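Content type mmCIF, C-alpha atoms and all ligand atoms, from the file final15.cif:
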data_work
loop_
_atom_site.group_PDB
_atom_site.id
_atom_site.type_symbol
_atom_site.label_atom_id
_atom_site.label_comp_id
_atom_site.auth_asym_id
_atom_site.auth_seq_id
_atom_site.Cartn_x
_atom_site.Cartn_y
_atom_site.Cartn_z
ATOM 1 C CA MET A 758 21.151 -15.975 2.455
ATOM 2 C CA THR A 759 18.186 -15.318 0.234
ATOM 3 C CA ALA A 760 14.889 -14.396 1.841
ATOM 4 C CA GLU A 761 11.924 -16.675 1.461
ATOM 5 C CA THR A 762 9.709 -15.555 -1.403
ATOM 6 C CA ARG A 763 6.596 -17.541 -0.879
ATOM 7 C CA LEU A 764 5.260 -18.696 2.461
ATOM 8 C CA SER A 765 4.475 -22.381 2.465
ATOM 9 C CA ASN A 766 0.860 -22.209 3.635
ATOM 10 C CA ASP A 767 -0.234 -19.723 0.964
ATOM 11 C CA ALA A 768 -2.765 -20.322 -1.754
ATOM 12 C CA ALA A 769 -2.055 -18.768 -5.148
ATOM 13 C CA PRO A 770 -0.582 -15.324 -4.536
ATOM 14 C CA LYS A 771 -2.385 -12.163 -5.624
ATOM 15 C CA MET A 772 0.834 -10.508 -6.745
ATOM 16 C CA THR A 773 4.285 -11.881 -7.408
ATOM 17 C CA ALA A 774 7.549 -10.043 -7.854
ATOM 18 C CA ARG A 775 10.543 -11.868 -9.257
ATOM 19 C CA ASP A 776 14.092 -10.522 -9.361
ATOM 20 C CA VAL A 777 12.902 -6.942 -9.209
ATOM 21 C CA SER A 778 15.581 -4.263 -9.211
ATOM 22 C CA VAL A 779 14.906 -0.541 -9.300
ATOM 23 C CA TYR A 780 17.361 2.125 -10.382
ATOM 24 C CA TYR A 781 17.253 5.895 -10.034
ATOM 25 C CA GLY A 782 19.660 6.851 -12.802
ATOM 26 C CA ALA A 783 22.752 4.773 -12.062
ATOM 27 C CA LYS A 784 21.877 4.221 -8.409
ATOM 28 C CA LYS A 785 20.354 0.846 -7.524
ATOM 29 C CA ALA A 786 17.682 1.346 -4.854
ATOM 30 C CA ILE A 787 16.197 -2.189 -4.922
ATOM 31 C CA ASP A 788 18.361 -5.220 -5.573
ATOM 32 C CA CYS A 789 16.768 -8.322 -7.019
ATOM 33 C CA VAL A 790 13.728 -8.668 -4.750
ATOM 34 C CA SER A 791 11.348 -11.605 -5.104
ATOM 35 C CA ILE A 792 8.212 -11.819 -3.004
ATOM 36 C CA ASP A 793 4.613 -13.038 -3.127
ATOM 37 C CA VAL A 794 1.730 -10.981 -1.785
ATOM 38 C CA SER A 795 -1.271 -12.902 -0.592
ATOM 39 C CA GLN A 796 -4.933 -11.975 -0.845
ATOM 40 C CA GLU A 797 -5.901 -12.994 2.665
ATOM 41 C CA HIS A 798 -3.167 -11.306 4.628
ATOM 42 C CA VAL A 799 -1.969 -7.836 5.390
ATOM 43 C CA THR A 800 1.680 -7.619 4.411
ATOM 44 C CA ALA A 801 3.898 -5.055 6.138
ATOM 45 C CA PHE A 802 7.147 -3.732 4.657
ATOM 46 C CA ILE A 803 9.515 -2.581 7.382
ATOM 47 C CA GLY A 804 13.120 -1.413 7.475
ATOM 48 C CA PRO A 805 15.285 1.608 8.196
ATOM 49 C CA SER A 806 14.852 4.882 6.370
ATOM 50 C CA GLY A 807 16.129 4.763 2.803
ATOM 51 C CA CYS A 808 16.132 0.949 2.553
ATOM 52 C CA GLY A 809 13.763 1.057 -0.429
ATOM 53 C CA LYS A 810 10.364 0.143 1.065
ATOM 54 C CA SER A 811 8.473 2.903 -0.728
ATOM 55 C CA THR A 812 10.399 2.377 -3.940
ATOM 56 C CA PHE A 813 9.473 -1.290 -3.990
ATOM 57 C CA LEU A 814 5.853 -0.581 -3.015
ATOM 58 C CA ARG A 815 5.554 1.802 -5.960
ATOM 59 C CA THR A 816 6.649 -0.904 -8.393
ATOM 60 C CA LEU A 817 3.469 -2.829 -7.546
ATOM 61 C CA ASN A 818 1.212 -0.354 -9.348
ATOM 62 C CA ARG A 819 3.800 1.255 -11.618
ATOM 63 C CA MET A 820 3.849 4.476 -9.645
ATOM 64 C CA ASN A 821 7.592 4.560 -10.427
ATOM 65 C CA ASP A 822 6.605 5.310 -14.034
ATOM 66 C CA THR A 823 5.900 8.857 -12.851
ATOM 67 C CA ILE A 824 9.526 9.360 -11.712
ATOM 68 C CA ALA A 825 11.621 10.431 -14.699
ATOM 69 C CA ASN A 826 14.905 8.625 -13.943
ATOM 70 C CA ALA A 827 13.429 5.473 -12.363
ATOM 71 C CA ARG A 828 13.829 2.098 -14.099
ATOM 72 C CA VAL A 829 12.381 -1.239 -13.041
ATOM 73 C CA ASP A 830 13.902 -4.598 -14.008
ATOM 74 C CA GLY A 831 12.395 -8.011 -13.308
ATOM 75 C CA ALA A 832 8.841 -9.314 -13.400
ATOM 76 C CA ILE A 833 5.730 -8.330 -11.466
ATOM 77 C CA GLU A 834 2.433 -10.099 -11.969
ATOM 78 C CA LEU A 835 -1.091 -9.471 -10.756
ATOM 79 C CA ASP A 836 -3.105 -12.695 -10.899
ATOM 80 C CA GLY A 837 -0.493 -14.040 -13.293
ATOM 81 C CA GLU A 838 -0.650 -11.024 -15.625
ATOM 82 C CA ASN A 839 2.550 -9.066 -16.291
ATOM 83 C CA ILE A 840 1.808 -5.518 -15.111
ATOM 84 C CA TYR A 841 4.790 -4.123 -17.049
ATOM 85 C CA ALA A 842 3.578 -5.540 -20.370
ATOM 86 C CA PRO A 843 3.254 -2.831 -23.040
ATOM 87 C CA SER A 844 -0.395 -3.779 -23.428
ATOM 88 C CA MET A 845 -1.171 -3.054 -19.757
ATOM 89 C CA ASP A 846 -3.471 -0.064 -19.296
ATOM 90 C CA VAL A 847 -1.787 1.788 -16.437
ATOM 91 C CA VAL A 848 -4.901 3.763 -15.457
ATOM 92 C CA GLN A 849 -6.803 0.504 -15.154
ATOM 93 C CA LEU A 850 -3.921 -1.087 -13.247
ATOM 94 C CA ARG A 851 -3.907 1.728 -10.672
ATOM 95 C CA ALA A 852 -7.630 1.216 -10.137
ATOM 96 C CA ARG A 853 -7.002 -2.494 -9.538
ATOM 97 C CA VAL A 854 -3.989 -1.756 -7.353
ATOM 98 C CA GLY A 855 -4.952 1.389 -5.455
ATOM 99 C CA MET A 856 -2.680 3.514 -3.324
ATOM 100 C CA VAL A 857 -2.983 5.541 -0.149
ATOM 101 C CA PHE A 858 -0.164 7.965 0.567
ATOM 102 C CA GLN A 859 1.639 9.196 3.644
ATOM 103 C CA LYS A 860 -0.013 12.592 3.581
ATOM 104 C CA PRO A 861 -3.784 12.532 3.030
ATOM 105 C CA ASN A 862 -4.328 14.081 -0.398
ATOM 106 C CA PRO A 863 -8.060 14.601 -1.049
ATOM 107 C CA PHE A 864 -8.955 16.568 -4.159
ATOM 108 C CA PRO A 865 -10.093 20.149 -3.429
ATOM 109 C CA LYS A 866 -13.646 19.040 -4.175
ATOM 110 C CA SER A 867 -16.631 17.896 -2.149
ATOM 111 C CA ILE A 868 -16.512 14.736 -0.061
ATOM 112 C CA TYR A 869 -18.999 13.194 -2.519
ATOM 113 C CA GLU A 870 -16.902 14.128 -5.553
ATOM 114 C CA ASN A 871 -13.720 12.771 -4.013
ATOM 115 C CA VAL A 872 -15.302 9.326 -3.921
ATOM 116 C CA ALA A 873 -17.361 9.603 -7.130
ATOM 117 C CA TYR A 874 -14.494 10.797 -9.329
ATOM 118 C CA GLY A 875 -12.877 7.382 -9.900
ATOM 119 C CA PRO A 876 -16.099 5.437 -10.545
ATOM 120 C CA ARG A 877 -17.139 8.171 -12.995
ATOM 121 C CA ILE A 878 -13.950 8.019 -15.082
ATOM 122 C CA HIS A 879 -14.064 4.224 -15.029
ATOM 123 C CA GLY A 880 -17.758 4.182 -15.974
ATOM 124 C CA LEU A 881 -18.814 2.146 -12.938
ATOM 125 C CA ALA A 882 -22.172 3.864 -12.320
ATOM 126 C CA ALA A 883 -25.048 4.057 -14.784
ATOM 127 C CA GLY A 884 -26.738 7.019 -13.142
ATOM 128 C CA ARG A 885 -27.027 9.207 -10.107
ATOM 129 C CA SER A 886 -28.623 6.646 -7.800
ATOM 130 C CA GLU A 887 -25.987 4.022 -8.622
ATOM 131 C CA MET A 888 -23.293 6.591 -7.959
ATOM 132 C CA ASP A 889 -24.937 7.564 -4.668
ATOM 133 C CA ALA A 890 -24.879 3.890 -3.669
ATOM 134 C CA ILE A 891 -21.179 3.512 -4.565
ATOM 135 C CA VAL A 892 -20.304 6.652 -2.603
ATOM 136 C CA GLU A 893 -22.279 5.488 0.430
ATOM 137 C CA GLN A 894 -20.863 1.965 0.382
ATOM 138 C CA SER A 895 -17.286 3.172 -0.078
ATOM 139 C CA LEU A 896 -17.585 5.665 2.780
ATOM 140 C CA LYS A 897 -19.132 2.963 4.945
ATOM 141 C CA ARG A 898 -16.316 0.519 4.211
ATOM 142 C CA ALA A 899 -13.821 3.254 5.011
ATOM 143 C CA GLY A 900 -15.542 3.834 8.350
ATOM 144 C CA LEU A 901 -16.371 7.446 7.524
ATOM 145 C CA TRP A 902 -20.042 7.418 6.530
ATOM 146 C CA GLU A 903 -21.543 8.232 9.931
ATOM 147 C CA GLU A 904 -19.272 11.240 10.287
ATOM 148 C CA VAL A 905 -19.933 12.749 6.857
ATOM 149 C CA LYS A 906 -23.354 11.573 5.651
ATOM 150 C CA ASP A 907 -24.939 14.971 6.392
ATOM 151 C CA ARG A 908 -22.151 17.012 4.809
ATOM 152 C CA LEU A 909 -21.328 15.233 1.577
ATOM 153 C CA GLN A 910 -21.201 18.506 -0.334
ATOM 154 C CA GLU A 911 -18.600 20.048 1.960
ATOM 155 C CA SER A 912 -14.994 20.122 0.832
ATOM 156 C CA GLY A 913 -12.897 17.024 1.505
ATOM 157 C CA THR A 914 -10.030 19.272 2.532
ATOM 158 C CA ALA A 915 -12.108 20.650 5.437
ATOM 159 C CA LEU A 916 -12.052 17.272 7.213
ATOM 160 C CA SER A 917 -9.558 16.404 9.961
ATOM 161 C CA GLY A 918 -6.346 14.644 8.926
ATOM 162 C CA GLY A 919 -7.618 11.248 10.026
ATOM 163 C CA GLN A 920 -10.936 11.765 8.262
ATOM 164 C CA GLN A 921 -9.090 12.888 5.122
ATOM 165 C CA GLN A 922 -7.049 9.697 5.195
ATOM 166 C CA ARG A 923 -10.214 7.595 5.513
ATOM 167 C CA LEU A 924 -11.677 9.632 2.618
ATOM 168 C CA CYS A 925 -8.614 8.693 0.558
ATOM 169 C CA ILE A 926 -9.191 5.061 1.469
ATOM 170 C CA ALA A 927 -12.865 5.413 0.425
ATOM 171 C CA ARG A 928 -11.661 6.937 -2.850
ATOM 172 C CA ALA A 929 -9.392 3.940 -3.453
ATOM 173 C CA ILE A 930 -12.164 1.475 -2.525
ATOM 174 C CA ALA A 931 -14.733 3.148 -4.798
ATOM 175 C CA VAL A 932 -13.144 1.766 -7.967
ATOM 176 C CA GLU A 933 -13.301 -1.815 -6.648
ATOM 177 C CA PRO A 934 -9.587 -2.449 -6.276
ATOM 178 C CA GLU A 935 -8.090 -5.868 -5.714
ATOM 179 C CA VAL A 936 -5.001 -4.635 -3.898
ATOM 180 C CA ILE A 937 -4.514 -1.562 -1.708
ATOM 181 C CA LEU A 938 -1.000 -0.224 -1.197
ATOM 182 C CA MET A 939 -0.513 2.025 1.820
ATOM 183 C CA ASP A 940 2.664 4.068 2.146
ATOM 184 C CA GLU A 941 2.995 5.038 5.810
ATOM 185 C CA PRO A 942 -0.697 5.949 5.948
ATOM 186 C CA CYS A 943 -0.626 6.988 9.605
ATOM 187 C CA SER A 944 2.613 8.926 9.820
ATOM 188 C CA ALA A 945 0.816 12.300 9.623
ATOM 189 C CA LEU A 946 -1.936 11.284 12.074
ATOM 190 C CA ASP A 947 -2.415 11.489 15.831
ATOM 191 C CA PRO A 948 -2.756 8.294 17.909
ATOM 192 C CA ILE A 949 -6.575 8.271 17.847
ATOM 193 C CA ALA A 950 -6.777 8.722 14.081
ATOM 194 C CA THR A 951 -4.024 6.128 13.730
ATOM 195 C CA ALA A 952 -6.002 3.611 15.788
ATOM 196 C CA LYS A 953 -9.027 4.159 13.511
ATOM 197 C CA ILE A 954 -6.976 3.472 10.386
ATOM 198 C CA GLU A 955 -5.487 0.364 11.984
ATOM 199 C CA GLU A 956 -8.982 -0.892 12.855
ATOM 200 C CA LEU A 957 -10.038 -0.194 9.314
ATOM 201 C CA ILE A 958 -7.104 -2.157 7.890
ATOM 202 C CA HIS A 959 -8.228 -5.028 10.065
ATOM 203 C CA GLU A 960 -11.781 -4.819 8.696
ATOM 204 C CA LEU A 961 -10.665 -4.531 5.074
ATOM 205 C CA ARG A 962 -8.378 -7.536 5.321
ATOM 206 C CA GLY A 963 -9.468 -10.425 3.121
ATOM 207 C CA ARG A 964 -11.631 -8.290 0.855
ATOM 208 C CA TYR A 965 -8.516 -6.647 -0.565
ATOM 209 C CA ALA A 966 -4.892 -7.693 -0.533
ATOM 210 C CA ILE A 967 -3.244 -4.987 1.587
ATOM 211 C CA VAL A 968 0.404 -3.999 1.626
ATOM 212 C CA ILE A 969 1.504 -1.376 4.123
ATOM 213 C CA VAL A 970 4.844 0.369 4.467
ATOM 214 C CA THR A 971 5.440 1.462 8.014
ATOM 215 C CA HIS A 972 8.255 2.875 10.109
ATOM 216 C CA ASN A 973 6.442 1.821 13.188
ATOM 217 C CA MET A 974 7.215 -1.728 14.204
ATOM 218 C CA GLN A 975 4.405 -1.864 16.752
ATOM 219 C CA GLN A 976 2.044 -0.940 13.956
ATOM 220 C CA ALA A 977 3.432 -3.677 11.713
ATOM 221 C CA ALA A 978 2.968 -6.153 14.556
ATOM 222 C CA ARG A 979 -0.608 -4.968 15.176
ATOM 223 C CA VAL A 980 -1.956 -4.824 11.636
ATOM 224 C CA SER A 981 -0.087 -7.408 9.591
ATOM 225 C CA GLN A 982 0.106 -11.163 9.366
ATOM 226 C CA ARG A 983 3.130 -11.103 7.066
ATOM 227 C CA THR A 984 6.219 -8.948 7.407
ATOM 228 C CA ALA A 985 8.995 -8.263 4.933
ATOM 229 C CA PHE A 986 12.162 -6.691 6.304
ATOM 230 C CA PHE A 987 14.149 -4.580 3.845
ATOM 231 C CA HIS A 988 17.688 -3.326 4.348
ATOM 232 C CA LEU A 989 19.912 -1.461 1.884
ATOM 233 C CA GLY A 990 17.677 -2.344 -1.048
ATOM 234 C CA ASN A 991 17.546 -6.051 -0.205
ATOM 235 C CA LEU A 992 14.680 -8.119 1.061
ATOM 236 C CA VAL A 993 16.413 -9.648 4.069
ATOM 237 C CA GLU A 994 13.615 -11.717 5.562
ATOM 238 C CA TYR A 995 9.969 -12.406 4.850
ATOM 239 C CA GLY A 996 7.711 -14.421 7.080
ATOM 240 C CA GLU A 997 4.803 -14.632 9.459
ATOM 241 C CA THR A 998 4.691 -11.392 11.439
ATOM 242 C CA SER A 999 4.648 -13.302 14.723
ATOM 243 C CA GLU A 1000 7.816 -15.165 13.694
ATOM 244 C CA ILE A 1001 9.631 -12.088 12.416
ATOM 245 C CA PHE A 1002 9.033 -10.254 15.670
ATOM 246 C CA THR A 1003 9.684 -13.059 18.103
ATOM 247 C CA ASN A 1004 12.026 -15.405 16.325
ATOM 248 C CA PRO A 1005 13.745 -13.811 13.312
ATOM 249 C CA ARG A 1006 16.060 -16.122 11.451
ATOM 250 C CA VAL A 1007 18.469 -13.478 10.186
ATOM 251 C CA GLU A 1008 20.766 -11.477 12.431
ATOM 252 C CA ARG A 1009 20.112 -8.213 10.588
ATOM 253 C CA THR A 1010 16.369 -8.572 11.202
ATOM 254 C CA LYS A 1011 16.988 -9.247 14.861
ATOM 255 C CA ASP A 1012 19.230 -6.184 15.146
ATOM 256 C CA TYR A 1013 16.546 -4.013 13.577
ATOM 257 C CA ILE A 1014 13.588 -5.203 15.573
ATOM 258 C CA THR A 1015 15.532 -4.971 18.811
ATOM 259 C CA GLY A 1016 16.357 -1.360 17.952
ATOM 260 C CA ARG A 1017 20.054 -1.796 17.335
ATOM 261 C CA TYR A 1018 19.837 0.371 14.241
ATOM 262 C CA GLY A 1019 17.358 2.257 12.095
HETATM 263 N N1 LIG B 1 12.889 10.007 -6.919
HETATM 264 C C1 LIG B 1 14.080 9.557 -6.489
HETATM 265 N N2 LIG B 1 15.216 9.890 -7.154
HETATM 266 C C2 LIG B 1 16.424 9.449 -6.748
HETATM 267 N N3 LIG B 1 16.604 8.644 -5.672
HETATM 268 C C3 LIG B 1 15.521 8.289 -4.979
HETATM 269 C C4 LIG B 1 14.209 8.726 -5.338
HETATM 270 N N4 LIG B 1 13.317 8.202 -4.455
HETATM 271 C C5 LIG B 1 14.051 7.478 -3.566
HETATM 272 N N5 LIG B 1 15.371 7.528 -3.878
HETATM 273 C C6 LIG B 1 16.473 6.844 -3.173
HETATM 274 O O1 LIG B 1 16.212 5.445 -3.172
HETATM 275 C C7 LIG B 1 16.535 4.888 -1.904
HETATM 276 C C8 LIG B 1 15.292 4.231 -1.323
HETATM 277 O O2 LIG B 1 14.322 5.232 -0.990
HETATM 278 P P1 LIG B 1 12.866 4.908 -0.476
HETATM 279 O O3 LIG B 1 12.148 6.194 -0.306
HETATM 280 O O4 LIG B 1 12.268 3.878 -1.317
HETATM 281 O O5 LIG B 1 13.193 4.267 0.958
HETATM 282 P P2 LIG B 1 12.247 4.018 2.178
HETATM 283 O O6 LIG B 1 12.743 2.782 2.803
HETATM 284 O O7 LIG B 1 10.827 4.079 1.773
HETATM 285 O O8 LIG B 1 12.616 5.259 3.084
HETATM 286 P P3 LIG B 1 11.723 6.084 4.128
HETATM 287 O O9 LIG B 1 11.330 5.097 5.154
HETATM 288 O O10 LIG B 1 12.675 7.124 4.629
HETATM 289 O O11 LIG B 1 10.572 6.631 3.353
HETATM 290 C C9 LIG B 1 17.086 6.022 -1.057
HETATM 291 O O12 LIG B 1 18.483 6.005 -1.148
HETATM 292 C C10 LIG B 1 16.526 7.252 -1.709
HETATM 293 O O13 LIG B 1 17.380 8.353 -1.518
#

Take the structure in the file and write it out as structure tokens.
Ligand SMILES: Nc1ncnc2c1ncn2[C@@H]1O[C@H](COP(=O)(O)OP(=O)(O)OP(=O)(O)O)[C@@H](O)[C@H]1O
Amino acid sequence: MTAETRLSNDAAPKMTARDVSVYYGAKKAIDCVSIDVSQEHVTAFIGPSGCGKSTFLRTLNRMNDTIANARVDGAIELDGENIYAPSMDVVQLRARVGMVFQKPNPFPKSIYENVAYGPRIHGLAAGRSEMDAIVEQSLKRAGLWEEVKDRLQESGTALSGGQQQRLCIARAIAVEPEVILMDEPCSALDPIATAKIEELIHELRGRYAIVIVTHNMQQAARVSQRTAFFHLGNLVEYGETSEIFTNPRVERTKDYITGRYG
């Protein structure tokens, strides 16, 4: 049975993947996955360890390009544009499709510089006051401004883990992305910091297309409206989160969400 690719009530998708396979050397990690990602919804990728969630996520902004033996087959489009076309500027693509990683990874620079770095290299601010405004707005959207507004020159690495992760989200937001990919963004955080990130995802929904990989099924149920279940490199089922968790159509999905494996 092939998983649904496009959910019937969706407008034009933000991103589409068609027949995407990913190889590490001779090993196939993703097998012919097709899926649409919508602008309005948070999409969660779930599945047991090693099923290929992160590998597939990384195809959406060509992060796999940085892995020497990785190869991607198939087609991925952002607003109808082939992101694997030779003419695609990968630096520009990764600004449009930003990424937040499992472990918060601020630069060893000031809080201000962490956010200003991207807009500076992309030429988004004409001068200091425009840059100040971008930094403030990005930190506000990331829910961090109140906590850091009086210490913008302190190092980003001196913040708590949860604050660092929100700083990384502010850094992604600062370059005006269209899509934000999050690869287990809460797995290194305590429950309070996790709740803040989940709230933030909720607030950011709609402004950006958001795709989140998570091990935590409760988290997928809380933050997403769409869920894609991966198993052994296949997309097994894709649907409304409420449906996937209460009424999955495929036995393998049911086994996973009821904790029978994974
Ligand atoms: N750089 C790499 N080189 C070779 N194989 C890799 C590489 N990265 C991942 N793999 C393999 O590809 C498969 C999918 O891995 P991936 O990390 O995408 O899964 P995942 O579902 O995100 O797992 P987890 O939830 O444990 O992070 C696994 O078999 C993994 O060992």

Using all atoms listed in the file, which protein or nucleic acid residues are at most 6 Å from ligand LIG 1 (chain B), as a PDB file with C-alpha atoms, in the coordinates of the input?
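Output file out.pdb follows:
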ATOM      1  CA  TYR A 781      17.253   5.895 -10.034  1.00  0.00           C
ATOM      2  CA  ALA A 786      17.682   1.346  -4.854  1.00  0.00           C
ATOM      3  CA  SER A 806      14.852   4.882   6.370  1.00  0.00           C
ATOM      4  CA  GLY A 807      16.129   4.763   2.803  1.00  0.00           C
ATOM      5  CA  CYS A 808      16.132   0.949   2.553  1.00  0.00           C
ATOM      6  CA  GLY A 809      13.763   1.057  -0.429  1.00  0.00           C
ATOM      7  CA  LYS A 810      10.364   0.143   1.065  1.00  0.00           C
ATOM      8  CA  SER A 811       8.473   2.903  -0.728  1.00  0.00           C
ATOM      9  CA  THR A 812      10.399   2.377  -3.940  1.00  0.00           C
ATOM     10  CA  ILE A 824       9.526   9.360 -11.712  1.00  0.00           C
TER      11      ILE A 824
END

Practice prompt. Using only C-alpha atoms, pick whichever of A:Ala931, A:Glu911, A:Pro861, A:Ala852 has the shortest atom-to-atom distance to Ala890 in chain A.
Written response: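 Checking each of A:Ala931, A:Glu911, A:Pro861, A:Ala852 against Ala890 in chain A, counting only C-alpha atoms, the winner is A:Ala931.
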
Discussion item. Could you check the closest approach to Leu961 in chain A for each of A:Met772, A:Val936, A:Leu909, A:Cys943 and tell me which residue wins, using all atoms listed in the file?
Written reply: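 Among the listed residues, A:Val936 lies closest to Leu961 in chain A.
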
Worksheet item: What separation in Å, quoted to one decimal, exists between CA of His879 in chain A and CA of Ile930 in chain A?
Response: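 Taking CA of His879 in chain A and CA of Ile930 in chain A, their separation equals 12.9 Å.
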
Discussion item. Which residues are near range 789-794 of chain A? Cut-off 10 Å, all atoms listed in the file, ignore same chain within fewer than 2 positions. Put them as a ChimeraX atom specification.
Written reply: /A:759-764,767,769-779,785-787,796-800,813,830-835,936,966-968,983,985,987,990-993,995

Worksheet item: So which residues touch Ala950 in chain A within 9 Å, counting only C-alpha atoms, skipping near sequence neighbours fewer than 5 positions away, as a PyMOL selection string?
Response: chain A and resi 918-920+922+943+955

Worksheet entry | Ground truth for the PyMOL selection byres (((chain A and resi 935) around 7) and not hetatm), written as a PyMOL selection string | chain A and resi 853-854+933-934+936-937+965-966

May I have the residues from that selection written out with C-alpha atoms, as a CSV table (one decimal), keeping the file's coordinate frame?
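Okay, this is what ended up in out26.csv:
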chain,number,residue,atom,x,y,z
A,853,ARG,CA,-7.0,-2.5,-9.5
A,854,VAL,CA,-4.0,-1.8,-7.4
A,933,GLU,CA,-13.3,-1.8,-6.6
A,934,PRO,CA,-9.6,-2.4,-6.3
A,936,VAL,CA,-5.0,-4.6,-3.9
A,937,ILE,CA,-4.5,-1.6,-1.7
A,965,TYR,CA,-8.5,-6.6,-0.6
A,966,ALA,CA,-4.9,-7.7,-0.5

Practice prompt. On this file, the PyMOL selection byres (((chain A and resi 958) around 12) and not hetatm) gives some set of residues; write that set as a PyMOL selection string.
Written response: chain A and resi 798-801+857+898-900+923+926+937-939+942-943+951-957+959-969+976-977+979-982

Practice prompt. Find the residue from A:His972, A:Arg928, A:Lys784, A:Arg1017 that sits nearest to Gly855 in chain A; use all atoms listed in the file when measuring.
Written response: A:Arg928

Surrounding residues of range 905-907 of chain A excluding itself and chain neighbours under 3 positions, 9 Å, only C-alpha atoms, as an mmCIF file with C-alpha atoms, in the frame of the given file:
data_model
loop_
_atom_site.group_PDB
_atom_site.id
_atom_site.type_symbol
_atom_site.label_atom_id
_atom_site.label_comp_id
_atom_site.auth_asym_id
_atom_site.auth_seq_id
_atom_site.Cartn_x
_atom_site.Cartn_y
_atom_site.Cartn_z
ATOM 1 C CA ILE A 868 -16.512 14.736 -0.061
ATOM 2 C CA GLU A 893 -22.279 5.488 0.430
ATOM 3 C CA LEU A 896 -17.585 5.665 2.780
ATOM 4 C CA LEU A 901 -16.371 7.446 7.524
ATOM 5 C CA TRP A 902 -20.042 7.418 6.530
ATOM 6 C CA GLN A 910 -21.201 18.506 -0.334
ATOM 7 C CA GLU A 911 -18.600 20.048 1.960
#

Worksheet item: For Ser912 in chain A, which residue among A:Tyr874, A:Phe802, A:Tyr869, A:Tyr780 is the nearest when counting all atoms listed in the file?
Response: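 Closest to Ser912 in chain A of all the choices is A:Tyr869.
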
Worksheet item: At what distance in Å, to one decimal, does CA of Glu941 in chain A lie from CA of Phe864 in chain A?
Response: 19.4 Å
